[in-house]
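Visitor: query-v4.txt (compact mmCIF, C-alpha atoms and all ligand atoms) pasted underneath:
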# COMPACT_ATOMS: atom_id res chain seq x y z
CA MET A 108 -12.54 20.47 7.56
CA SER A 109 -9.90 19.40 5.03
CA GLU A 110 -8.89 21.80 2.27
CA THR A 111 -9.95 21.02 -1.28
CA TYR A 112 -8.62 22.34 -4.57
CA ARG A 113 -10.02 23.26 -7.96
CA VAL A 114 -7.66 21.65 -10.46
CA ALA A 115 -7.27 21.84 -14.24
CA ILE A 116 -5.12 19.45 -16.28
CA LEU A 117 -3.86 21.23 -19.38
CA GLY A 118 -2.96 18.44 -21.82
CA ALA A 119 -5.33 15.96 -20.16
CA THR A 120 -5.49 13.63 -23.19
CA GLY A 121 -1.70 13.17 -23.47
CA ALA A 122 0.66 10.55 -22.05
CA VAL A 123 1.40 12.68 -19.00
CA GLY A 124 -2.12 14.08 -18.65
CA THR A 125 -3.74 10.66 -18.45
CA GLU A 126 -1.18 9.59 -15.82
CA LEU A 127 -1.97 12.73 -13.82
CA LEU A 128 -5.65 11.93 -14.01
CA ALA A 129 -5.03 8.40 -12.74
CA LEU A 130 -2.85 9.72 -9.91
CA LEU A 131 -5.41 12.28 -8.77
CA GLU A 132 -7.86 9.40 -8.48
CA SER A 133 -5.60 6.77 -6.92
CA ARG A 134 -4.17 9.20 -4.37
CA GLN A 135 -7.57 10.62 -3.56
CA PHE A 136 -6.36 14.16 -4.10
CA PRO A 137 -8.78 16.52 -2.32
CA LEU A 138 -10.63 17.97 -5.30
CA SER A 139 -13.61 20.25 -5.34
CA GLU A 140 -13.45 20.63 -9.14
CA LEU A 141 -11.55 18.96 -11.97
CA LYS A 142 -11.31 20.45 -15.44
CA LEU A 143 -9.78 18.59 -18.39
CA LEU A 144 -8.23 20.77 -21.10
CA SER A 145 -6.65 20.02 -24.45
CA SER A 146 -6.32 21.51 -27.92
CA PRO A 147 -9.45 21.74 -30.10
CA ARG A 148 -8.40 18.35 -31.58
CA SER A 149 -9.58 16.44 -28.51
CA ALA A 150 -12.36 18.73 -27.36
CA GLY A 151 -15.48 16.72 -26.60
CA GLN A 152 -13.53 13.53 -25.85
CA GLN A 153 -14.60 11.84 -22.61
CA LEU A 154 -12.17 10.61 -19.96
CA GLN A 155 -13.07 8.47 -16.96
CA PHE A 156 -12.52 9.74 -13.44
CA LYS A 157 -13.84 7.98 -10.33
CA GLY A 158 -16.41 6.13 -12.39
CA ALA A 159 -17.75 9.23 -14.12
CA SER A 160 -17.17 10.54 -17.66
CA LEU A 161 -15.58 13.98 -17.82
CA VAL A 162 -15.70 15.93 -21.07
CA VAL A 163 -12.44 17.42 -22.34
CA GLU A 164 -12.62 21.12 -23.24
CA ALA A 165 -10.51 23.13 -25.68
CA VAL A 166 -8.43 25.54 -23.62
CA THR A 167 -9.26 29.26 -23.62
CA ALA A 168 -8.27 32.10 -21.28
CA ALA A 169 -11.59 31.65 -19.47
CA SER A 170 -10.70 28.00 -18.69
CA PHE A 171 -8.61 29.03 -15.69
CA GLU A 172 -11.15 31.23 -13.92
CA GLY A 173 -11.87 29.84 -10.45
CA ILE A 174 -9.05 27.29 -10.70
CA ASP A 175 -6.44 26.94 -7.91
CA ILE A 176 -3.90 24.63 -9.55
CA VAL A 177 -3.14 24.03 -13.24
CA LEU A 178 -1.19 20.85 -13.95
CA ALA A 179 0.29 21.73 -17.33
CA SER A 180 1.51 18.97 -19.66
CA ALA A 181 0.76 20.26 -23.14
CA GLY A 182 4.27 21.23 -24.28
CA GLY A 183 6.47 24.25 -23.65
CA SER A 184 4.85 26.61 -26.15
CA THR A 185 1.38 25.91 -24.73
CA SER A 186 2.62 26.54 -21.17
CA LYS A 187 4.14 29.84 -22.28
CA GLN A 188 1.02 30.76 -24.22
CA TRP A 189 -1.26 30.36 -21.18
CA ALA A 190 1.07 31.38 -18.33
CA ALA A 191 -0.25 34.95 -18.18
CA ALA A 192 -3.90 33.84 -18.21
CA ILE A 193 -3.21 31.30 -15.47
CA ALA A 194 -1.47 33.95 -13.36
CA ALA A 195 -4.31 36.43 -14.02
CA ALA A 196 -6.79 33.84 -12.74
CA GLY A 197 -4.73 33.56 -9.55
CA ALA A 198 -3.90 29.90 -10.13
CA VAL A 199 -0.55 28.20 -9.60
CA MET A 200 0.86 26.38 -12.62
CA VAL A 201 2.78 23.17 -11.98
CA ASP A 202 4.47 22.82 -15.33
CA ASN A 203 5.75 19.56 -16.78
CA SER A 204 7.25 21.17 -19.86
CA SER A 205 10.74 22.64 -20.19
CA ALA A 206 9.38 26.18 -20.69
CA PHE A 207 10.34 27.62 -17.29
CA ARG A 208 12.69 25.06 -15.76
CA LEU A 209 15.84 27.15 -16.00
CA ASP A 210 14.16 30.47 -15.22
CA PRO A 211 15.92 31.67 -12.03
CA ALA A 212 12.57 32.91 -10.67
CA VAL A 213 10.93 29.49 -11.07
CA PRO A 214 11.62 26.70 -8.58
CA LEU A 215 12.55 23.39 -10.21
CA VAL A 216 11.30 20.82 -7.76
CA VAL A 217 11.74 17.13 -7.08
CA PRO A 218 9.62 16.69 -3.94
CA GLU A 219 11.98 14.11 -2.42
CA VAL A 220 15.00 16.39 -3.01
CA ASN A 221 14.16 20.09 -2.70
CA PRO A 222 10.52 20.47 -1.60
CA GLU A 223 11.34 23.72 0.20
CA ALA A 224 12.05 25.38 -3.17
CA ALA A 225 8.34 25.20 -4.00
CA GLN A 226 7.58 27.59 -1.13
CA HIS A 227 9.24 30.42 -3.04
CA HIS A 228 7.19 30.16 -6.22
CA GLN A 229 5.79 33.22 -7.94
CA GLY A 230 2.96 31.42 -9.71
CA VAL A 231 4.89 28.71 -11.54
CA ILE A 232 6.53 25.55 -10.18
CA ALA A 233 8.51 23.59 -12.75
CA ASN A 234 8.74 19.82 -12.87
CA PRO A 235 12.10 18.57 -14.20
CA ASN A 236 12.75 16.44 -17.23
CA CYS A 237 11.90 12.81 -16.47
CA THR A 238 15.48 11.58 -16.92
CA THR A 239 16.70 14.27 -14.53
CA ILE A 240 14.19 13.31 -11.84
CA LEU A 241 15.27 9.69 -12.06
CA MET A 242 18.90 10.60 -11.65
CA CYS A 243 18.44 13.13 -8.85
CA LEU A 244 16.43 10.82 -6.61
CA PRO A 245 19.23 8.37 -5.75
CA LEU A 246 21.97 11.01 -6.11
CA TRP A 247 20.57 13.38 -3.51
CA PRO A 248 21.18 11.32 -0.34
CA LEU A 249 24.70 10.54 -1.54
CA HIS A 250 25.52 14.11 -2.51
CA GLN A 251 24.52 15.30 0.95
CA VAL A 252 27.04 12.95 2.58
CA GLN A 253 29.79 13.26 0.00
CA PRO A 254 29.82 15.95 -2.70
CA ILE A 255 29.53 14.55 -6.21
CA ARG A 256 32.31 15.76 -8.48
CA ARG A 257 31.34 14.21 -11.77
CA LEU A 258 28.49 12.31 -13.41
CA ILE A 259 28.47 10.35 -16.63
CA VAL A 260 25.04 9.10 -17.52
CA SER A 261 23.63 7.08 -20.39
CA THR A 262 19.89 6.81 -20.78
CA TYR A 263 17.65 4.19 -22.36
CA GLN A 264 14.45 6.15 -22.89
CA SER A 265 11.08 4.62 -23.60
CA ALA A 266 8.58 5.74 -26.23
CA SER A 267 6.32 7.14 -23.49
CA GLY A 268 8.70 10.06 -23.05
CA ALA A 269 7.80 11.22 -26.57
CA GLY A 270 4.08 11.18 -25.83
CA ALA A 271 1.02 9.06 -26.41
CA ARG A 272 1.39 9.04 -30.20
CA ALA A 273 4.99 7.77 -30.01
CA MET A 274 3.78 4.87 -27.84
CA GLU A 275 1.18 4.07 -30.47
CA GLU A 276 3.87 4.28 -33.15
CA LEU A 277 5.97 1.69 -31.30
CA ARG A 278 2.97 -0.64 -31.16
CA THR A 279 2.05 -0.28 -34.84
CA GLN A 280 5.66 -0.49 -36.05
CA SER A 281 6.26 -3.63 -33.98
CA GLN A 282 3.19 -5.26 -35.51
CA ALA A 283 4.22 -4.13 -39.01
CA ILE A 284 7.68 -5.66 -38.66
CA LEU A 285 6.26 -8.90 -37.24
CA ASP A 286 3.92 -8.98 -40.26
CA GLY A 287 6.90 -8.55 -42.60
CA LYS A 288 5.99 -4.96 -43.54
CA GLU A 289 8.08 -1.75 -43.64
CA PRO A 290 7.69 0.23 -40.37
CA GLN A 291 6.47 3.80 -40.92
CA ALA A 292 8.03 6.53 -38.74
CA GLU A 293 5.90 9.65 -38.30
CA ILE A 294 6.27 10.85 -34.71
CA LEU A 295 9.85 9.78 -34.00
CA PRO A 296 12.54 10.43 -36.64
CA HIS A 297 13.37 6.75 -37.23
CA PRO A 298 11.61 3.43 -36.72
CA ILE A 299 11.71 2.75 -32.97
CA ALA A 300 10.48 -0.85 -33.07
CA PHE A 301 13.42 -3.30 -32.86
CA ASN A 302 15.75 -0.30 -33.08
CA LEU A 303 17.40 2.50 -31.09
CA PHE A 304 18.81 5.93 -31.90
CA PRO A 305 19.96 9.13 -30.15
CA HIS A 306 17.25 11.14 -28.44
CA ASN A 307 15.09 13.04 -30.91
CA SER A 308 15.90 16.59 -29.81
CA ALA A 309 18.00 19.34 -31.40
CA TRP A 310 21.82 19.14 -31.44
CA ASN A 311 24.12 21.86 -30.15
CA ASP A 312 27.55 22.79 -31.55
CA GLN A 313 29.28 20.34 -29.21
CA GLY A 314 27.25 17.39 -30.47
CA TYR A 315 24.94 17.12 -27.46
CA CYS A 316 21.19 17.02 -27.91
CA GLU A 317 18.75 19.18 -25.99
CA GLU A 318 17.69 16.30 -23.76
CA GLU A 319 21.32 15.71 -22.73
CA MET A 320 21.81 19.38 -21.90
CA LYS A 321 18.58 19.40 -19.89
CA MET A 322 20.11 16.70 -17.71
CA VAL A 323 23.21 18.84 -17.22
CA HIS A 324 21.53 22.15 -16.37
CA GLU A 325 18.50 20.84 -14.49
CA THR A 326 20.55 18.49 -12.31
CA ARG A 327 22.81 21.36 -11.28
CA LYS A 328 19.84 23.57 -10.46
CA ILE A 329 18.08 20.88 -8.39
CA LEU A 330 21.20 19.83 -6.48
CA GLY A 331 22.04 23.50 -5.99
CA THR A 332 25.57 23.45 -7.39
CA ASP A 333 27.30 24.35 -10.64
CA ASP A 334 30.41 22.43 -9.63
CA ILE A 335 29.36 19.00 -10.84
CA ARG A 336 30.76 18.00 -14.24
CA ILE A 337 28.06 16.15 -16.14
CA SER A 338 28.07 14.35 -19.46
CA ALA A 339 24.90 12.68 -20.72
CA THR A 340 24.14 10.40 -23.65
CA CYS A 341 20.42 9.99 -24.27
CA VAL A 342 19.09 7.17 -26.41
CA ARG A 343 15.57 6.13 -27.38
CA VAL A 344 14.90 2.41 -27.01
CA PRO A 345 11.93 0.26 -28.08
CA VAL A 346 10.40 0.13 -24.62
CA LEU A 347 6.83 1.28 -24.14
CA ARG A 348 7.11 2.82 -20.66
CA ALA A 349 9.82 3.52 -18.06
CA HIS A 350 13.18 5.07 -18.81
CA SER A 351 16.44 3.48 -17.72
CA GLU A 352 19.76 5.08 -16.90
CA ALA A 353 23.32 3.96 -16.32
CA ILE A 354 25.01 6.44 -14.02
CA ASN A 355 28.68 6.71 -13.20
CA ILE A 356 29.30 8.85 -10.14
CA GLU A 357 32.60 10.29 -9.04
CA PHE A 358 32.83 11.73 -5.53
CA ASP A 359 35.27 14.11 -3.93
CA ARG A 360 36.44 11.44 -1.53
CA PRO A 361 36.08 7.65 -1.20
CA PHE A 362 32.51 6.53 -0.55
CA PRO A 363 31.97 3.08 1.01
CA LEU A 364 29.76 1.06 -1.28
CA GLU A 365 27.66 -0.47 1.49
CA LYS A 366 27.01 2.98 2.95
CA ALA A 367 25.78 4.19 -0.44
CA ARG A 368 23.57 1.13 -0.80
CA GLU A 369 22.16 1.72 2.68
CA LEU A 370 21.43 5.40 1.97
CA ILE A 371 19.75 4.64 -1.35
CA ALA A 372 17.63 1.90 0.23
CA GLN A 373 16.39 4.38 2.84
CA THR A 374 15.53 7.11 0.36
CA PRO A 375 11.81 7.86 0.05
CA GLY A 376 10.55 7.12 -3.45
CA VAL A 377 13.47 4.81 -4.21
CA LYS A 378 13.52 1.02 -4.10
CA LEU A 379 16.74 -0.96 -4.16
CA VAL A 380 16.39 -3.89 -6.57
CA GLU A 381 19.52 -6.01 -6.45
CA ASP A 382 19.60 -9.78 -6.41
CA TRP A 383 23.04 -10.66 -7.69
CA LYS A 384 22.56 -14.42 -7.40
CA ALA A 385 19.37 -14.35 -9.46
CA SER A 386 20.79 -11.63 -11.72
CA TYR A 387 17.70 -9.57 -10.99
CA PHE A 388 17.97 -5.80 -11.29
CA PRO A 389 15.64 -2.92 -12.16
CA MET A 390 13.75 -3.41 -15.39
CA PRO A 391 11.31 -1.12 -17.21
CA MET A 392 8.63 -3.79 -16.96
CA ASP A 393 8.86 -3.75 -13.17
CA ALA A 394 9.05 0.03 -13.02
CA SER A 395 6.15 0.70 -15.33
CA GLY A 396 3.04 1.95 -13.54
CA LYS A 397 4.82 2.13 -10.19
CA ASP A 398 5.70 5.21 -8.20
CA GLU A 399 9.12 4.11 -6.98
CA THR A 400 12.38 4.71 -8.75
CA LEU A 401 14.16 1.37 -8.92
CA VAL A 402 17.91 1.40 -8.32
CA GLY A 403 20.35 -1.47 -8.52
CA ARG A 404 23.58 -2.99 -9.76
CA ILE A 405 25.61 -0.59 -7.67
CA ARG A 406 29.31 -1.19 -7.83
CA LYS A 407 32.73 0.36 -7.66
CA ILE A 408 34.68 0.98 -10.79
CA CYS A 409 38.20 0.34 -11.95
CA ARG A 410 40.98 1.26 -9.52
CA VAL A 411 39.58 4.67 -8.62
CA LYS A 412 38.01 4.06 -5.25
CA ILE A 413 35.96 7.23 -5.26
CA THR A 414 34.00 6.27 -8.33
CA TRP A 415 31.13 3.91 -8.46
CA SER A 416 28.23 3.15 -10.62
CA CYS A 417 24.63 2.38 -9.94
CA GLY A 418 21.56 1.81 -11.91
CA SER A 419 17.87 1.93 -12.40
CA VAL A 420 14.86 4.02 -12.01
CA ALA A 421 11.14 4.37 -12.48
CA ILE A 422 8.40 6.89 -12.01
CA ARG A 423 5.10 6.31 -13.81
CA SER A 424 5.24 6.56 -17.60
CA ALA A 425 8.81 7.72 -17.53
CA ARG A 426 11.06 5.86 -15.20
CA GLY A 427 13.45 3.10 -15.59
CA GLN A 428 16.52 1.21 -15.09
CA ARG A 429 20.24 1.61 -15.38
CA SER A 430 22.73 -1.03 -16.29
CA THR A 431 26.13 0.62 -15.99
CA PRO A 432 28.84 2.13 -18.11
CA CYS A 433 32.10 2.44 -16.32
CA ARG A 434 34.38 5.41 -16.26
CA SER A 435 37.09 6.64 -13.97
CA ARG A 436 40.11 8.85 -14.27
CA ASN A 437 41.87 5.94 -15.91
CA CYS A 438 39.37 4.04 -17.95
CA SER A 439 36.11 4.19 -19.79
CA TRP A 440 34.13 1.19 -20.91
CA SER A 441 30.70 -0.29 -20.80
CA ALA A 442 30.24 -2.87 -18.07
CA SER A 443 26.73 -3.87 -18.95
CA GLY A 444 27.64 -7.44 -19.86
CA SER A 445 30.21 -6.78 -22.54
CA ASN A 446 33.33 -6.28 -20.45
CA PRO A 447 35.16 -9.47 -19.49
CA SER A 448 37.09 -7.78 -16.68
CA ALA A 449 33.91 -6.59 -15.08
CA ARG A 450 32.28 -10.01 -15.39
CA ARG A 451 35.33 -11.75 -13.98
CA LEU A 452 35.38 -9.33 -11.07
CA GLU A 453 31.70 -9.89 -10.33
CA GLN A 454 32.06 -13.67 -10.59
CA ALA A 455 35.14 -13.69 -8.38
CA GLN A 456 33.52 -11.57 -5.71
CA ALA A 457 30.03 -12.95 -5.73
CA PRO A 458 30.61 -16.05 -3.56
CA HIS A 459 32.21 -13.98 -0.80
CA ARG A 460 29.24 -11.65 -0.33
CA PRO A 461 26.08 -12.51 1.61
CA ASN A 462 23.88 -11.62 -1.35
CA GLY A 463 26.53 -12.08 -4.01
CA SER A 464 26.91 -8.32 -4.50
CA PRO A 465 30.23 -6.74 -5.47
CA SER A 466 32.31 -5.33 -2.65
CA ASP A 467 34.45 -2.20 -2.41
CA MET A 468 37.34 -3.98 -4.16
CA THR A 469 38.61 -2.32 -7.31
CA CYS A 470 39.30 -3.91 -10.68
CA ASP A 471 41.99 -3.60 -13.32
CA ASN A 472 41.97 -0.72 -15.70
CA PRO A 473 41.18 -2.53 -18.95
CA CYS A 474 42.26 0.24 -21.27
CA ASN A 475 44.94 2.33 -19.56
CA ASN A 476 43.35 5.31 -21.12
CA PRO A 477 44.20 8.49 -19.21
CA LEU A 478 41.51 11.11 -19.48
N1 LIG B 501 5.85 11.83 -21.68
C1 LIG B 501 6.63 11.98 -20.65
O1 LIG B 501 7.12 11.02 -20.06
C2 LIG B 501 6.95 13.34 -20.14
C3 LIG B 501 7.64 13.42 -18.96
C4 LIG B 501 7.91 14.65 -18.43
C5 LIG B 501 7.49 15.78 -19.10
N2 LIG B 501 6.83 15.69 -20.27
C6 LIG B 501 6.40 16.92 -20.92
O2 LIG B 501 4.99 17.03 -20.76
C7 LIG B 501 4.43 17.62 -21.91
C8 LIG B 501 3.38 16.71 -22.51
O3 LIG B 501 3.99 15.50 -22.87
P1 LIG B 501 3.12 14.22 -23.31
O4 LIG B 501 4.12 13.14 -23.47
O5 LIG B 501 1.98 14.01 -22.42
O6 LIG B 501 2.61 14.69 -24.76
P2 LIG B 501 1.40 14.10 -25.61
O7 LIG B 501 1.09 12.70 -25.25
O8 LIG B 501 1.70 14.43 -27.01
O9 LIG B 501 0.15 14.99 -25.12
C9 LIG B 501 0.10 16.38 -25.37
C10 LIG B 501 -1.13 16.96 -24.70
O10 LIG B 501 -1.09 18.37 -24.87
C11 LIG B 501 -2.26 18.78 -25.57
N3 LIG B 501 -1.91 19.88 -26.46
C12 LIG B 501 -1.05 19.88 -27.49
N4 LIG B 501 -1.01 21.09 -28.08
C13 LIG B 501 -1.90 21.87 -27.41
C14 LIG B 501 -2.33 23.21 -27.54
N5 LIG B 501 -1.82 24.02 -28.48
N6 LIG B 501 -3.26 23.68 -26.68
C15 LIG B 501 -3.77 22.88 -25.72
N7 LIG B 501 -3.41 21.59 -25.54
C16 LIG B 501 -2.49 21.10 -26.38
C17 LIG B 501 -2.71 17.58 -26.34
O11 LIG B 501 -4.07 17.71 -26.64
P3 LIG B 501 -4.71 17.01 -27.95
O12 LIG B 501 -5.15 15.65 -27.52
O13 LIG B 501 -5.86 17.91 -28.25
O14 LIG B 501 -3.68 17.01 -29.01
C18 LIG B 501 -2.44 16.48 -25.31
O15 LIG B 501 -3.44 16.47 -24.33
C19 LIG B 501 5.60 17.95 -22.83
O16 LIG B 501 6.04 19.25 -22.58
C20 LIG B 501 6.64 16.96 -22.41
O17 LIG B 501 7.96 17.39 -22.70
C21 LIG B 501 6.54 14.49 -20.81
Please re-express this file's structure in C-alpha cells.
Ligand SMILES: NC(=O)c1ccc[n+]([C@@H]2O[C@H](COP(=O)([O-])OP(=O)(O)OC[C@H]3O[C@@H](n4cnc5c(N)ncnc54)[C@H](OP(=O)(O)O)[C@@H]3O)[C@@H](O)[C@H]2O)c1
Guide:
Amino acid sequence: MSETYRVAILGATGAVGTELLALLESRQFPLSELKLLSSPRSAGQQLQFKGASLVVEAVTAASFEGIDIVLASAGGSTSKQWAAAIAAAGAVMVDNSSAFRLDPAVPLVVPEVNPEAAQHHQGVIANPNCTTILMCLPLWPLHQVQPIRRLIVSTYQSASGAGARAMEELRTQSQAILDGKEPQAEILPHPIAFNLFPHNSAWNDQGYCEEEMKMVHETRKILGTDDIRISATCVRVPVLRAHSEAINIEFDRPFPLEKARELIAQTPGVKLVEDWKASYFPMPMDASGKDETLVGRIRKICRVKITWSCGSVAIRSARGQRSTPCRSRNCSWSASGSNPSARRLEQAQAPHRPNGSPSDMTCDNPCNNPL
C-alpha cells in the first residue's frame, strides 16, 4: 500500500500557495488530507482542488494537529510564529520564506542539487530564494566538474516574486497607463508597469539589497562552499511571471564551452533553449507555468578563457531567463545586445557552427579595464 500524507498549506491563498495547490493536484501527490490556511483576511474563501471546493481556514495552533507536512508560504514572520506549534504537532515544515534558510541547523535544499541535506532535518526544511534556485540548478553540474571561483549575476525579476497583490498591481497599472491615467503604486515602491527598479528589499551599508545578499549566502550554503565570490544585482521588471538572470561564471581552470552545454542539457530540471540562427533563447513567457529552468545563450567572454556566461531559467511563478552581462579579469560590460564587439563576435562565428552558436574563441577586451 502506498504511503499517504496529511498536508497543510500555510499561505494557501498567496502566489506561492496557489502554485503549491496546483502542483499537489497535477503531480498527484499522495494525500490523505489537505488543509488550506491563511490569515483571518481570507478565511472562508474557497479554493478548487481536484474538482472540489476547499474552504480556507484562519491559522491557529490547533491547525497543525494530525498534519504530517506543512508547506509554509506566508512570509518569514508567520513561519517563525508557527514553527513551535508545527514542531509540537510533530509535523515537518517545508518553508518557502527566508526565516530559517541560513540557520546552520536547517537544511537549505534544491532537490536537484543537494537532496541528501533534507535527510538531516530537525523539523524544518528551507526552500531557497527563487533567484538562488534558478542560479544553482545549472551551476551545480558545472561546479562538480570544475570549481566555480566567481559569479556575477544580474536578475530581471517578475512581479510574481512579490506576491499575488504585486501581480495584480502590474495588471492594473498597465491598464491605467494604457488608459492615459497615473499608475498608483501600493505594493511595490514604484510603478512597475512599463518601468524597472532595484529589488524592493532593504539596503545594507555596502549598497546591496537583501535579495542580492540572499543570493550570495544561500548559493554558498547550497553549493557547500564559502570560497565563491558572488556579486548580485537584482532588478524588478514588468513581467508577470518567471524571473530571468544573466550569470557570469568564472572557473578555476578553463572549461570547454561544449562540455558545459552538454552538462547543462543533461541536468534534470533544466532545459537548454538555444537557437542562435532563429535568435531564440529562454523567455519568461516560455518559462511561465513550466517546471523546467530554461538556460541558454551560453558563451565565453573576453580573452579570459576560464570565464563564460550563460542565461535563463524558470520554475513555476518564479523562474526565468538570462541574457548576459560580461565580466572577466580584464573587462566588464553588458553583452545583451548593446555591445558591438560581442555582436560582431557572434556574427563572425555563427556561420562556422552547426547551430550558429558561439565557440570557445575569445573576443577583444573592449574596455581594458583591469579589476
Ligand atoms: N512569490 C514567489 O515567487 C516566492 C518565491 C519563493 C518564496 N516566496 C516566499 O513565500 C512567501 C509567500 O510569498 P507569496 O508571494 O505567495 O505572498 P502572497 O501572495 O502575498 O501570499 C501570502 C500568503 O500568506 C498568507 N498570510 C499573510 N500573513 C499571514 C499571517 N499573519 N498568518 C497566516 N497567513 C498569512 C496570506 O493570506 P491572506 O490571503 O489571508 O492574506 C497569503 O495566503 C514569502 O515568504 C515569500 O518571500 C515567494
Visitor: So which one's closest to ligand LIG 501 (chain B), A:His228, A:Arg343, A:Arg348, A:Arg257? Using all atoms listed in the file, please.
Guide: A:Arg348
Visitor: Can you tell me which residues sit at most 8 Å away from ligand LIG 501 (chain B), counting all atoms listed in the file, written as JSON, numbers by chain?
Guide: {"A": [117, 118, 119, 120, 121, 122, 123, 124, 125, 144, 145, 146, 147, 148, 149, 150, 165, 166, 179, 180, 181, 182, 183, 184, 185, 202, 203, 204, 205, 206, 234, 235, 236, 237, 267, 268, 269, 270, 271, 272, 273, 424, 425]}
Visitor: May I have the residues at most 9 Å from (6.5, 28.9, -7.4) in the file's coordinates, counting all atoms listed in the file, as a list in words?
Guide: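 The distance filter leaves exactly Val199, Met200, Val201, Ala212, Val213, Pro214, Leu215, Ala224, Ala225, Gln226, His227, His228, Gln229, Gly230, Val231, Ile232 and Ala233 of chain A.
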Visitor: Do you have, as a tab-separated table, the list of residues of region 212-272 of chain A lying at most 8 Å from region 363-382 of chain A, each with its nearest atom pair and that distance in Å to one decimal, counting all atoms listed in the file and ordered by chain then number?
Guide:
residue	atom	partner	partner_atom	distance
A:Glu219	CA	A:Pro375	CA	6.7
A:Leu244	CA	A:Val377	CA	7.1
A:Pro245	CA	A:Ile371	CA	5.8
A:Pro248	CA	A:Leu370	CA	6.4
A:Leu249	CA	A:Ala367	CA	6.5
Visitor: How many Å lie between CA of Thr239 (chain A) and CA of Glu399 (chain A), rounded to one decimal?
Guide: 14.8 Å
Visitor: Calculated over only C-alpha atoms, which of the candidates A:Met242, A:Ile255, A:Gln291, A:Pro305 has the smallest distance to Leu401 (chain A)?
Guide: A:Met242
Visitor: Work out how far CA of Glu325 (chain A) is from CA of Ala309 (chain A), in Å to one decimal.
Guide: 17.0 Å
Visitor: Under the rule that only C-alpha atoms are counted, which of A:Val163, A:Met392, A:Leu127, A:Cys243 is the nearest residue to Val323 (chain A)?
Guide: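 The answer is A:Cys243, which sits nearest to Val323 (chain A).
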Visitor: Mind checking which residues fall within 10 Å of Pro298 (chain A), counting all atoms listed in the file, ignoring those fewer than 6 positions away in the same chain, and posting them as a PyMOL selection string?
Guide: chain A and resi 276-277+280-281+289-292+304+345
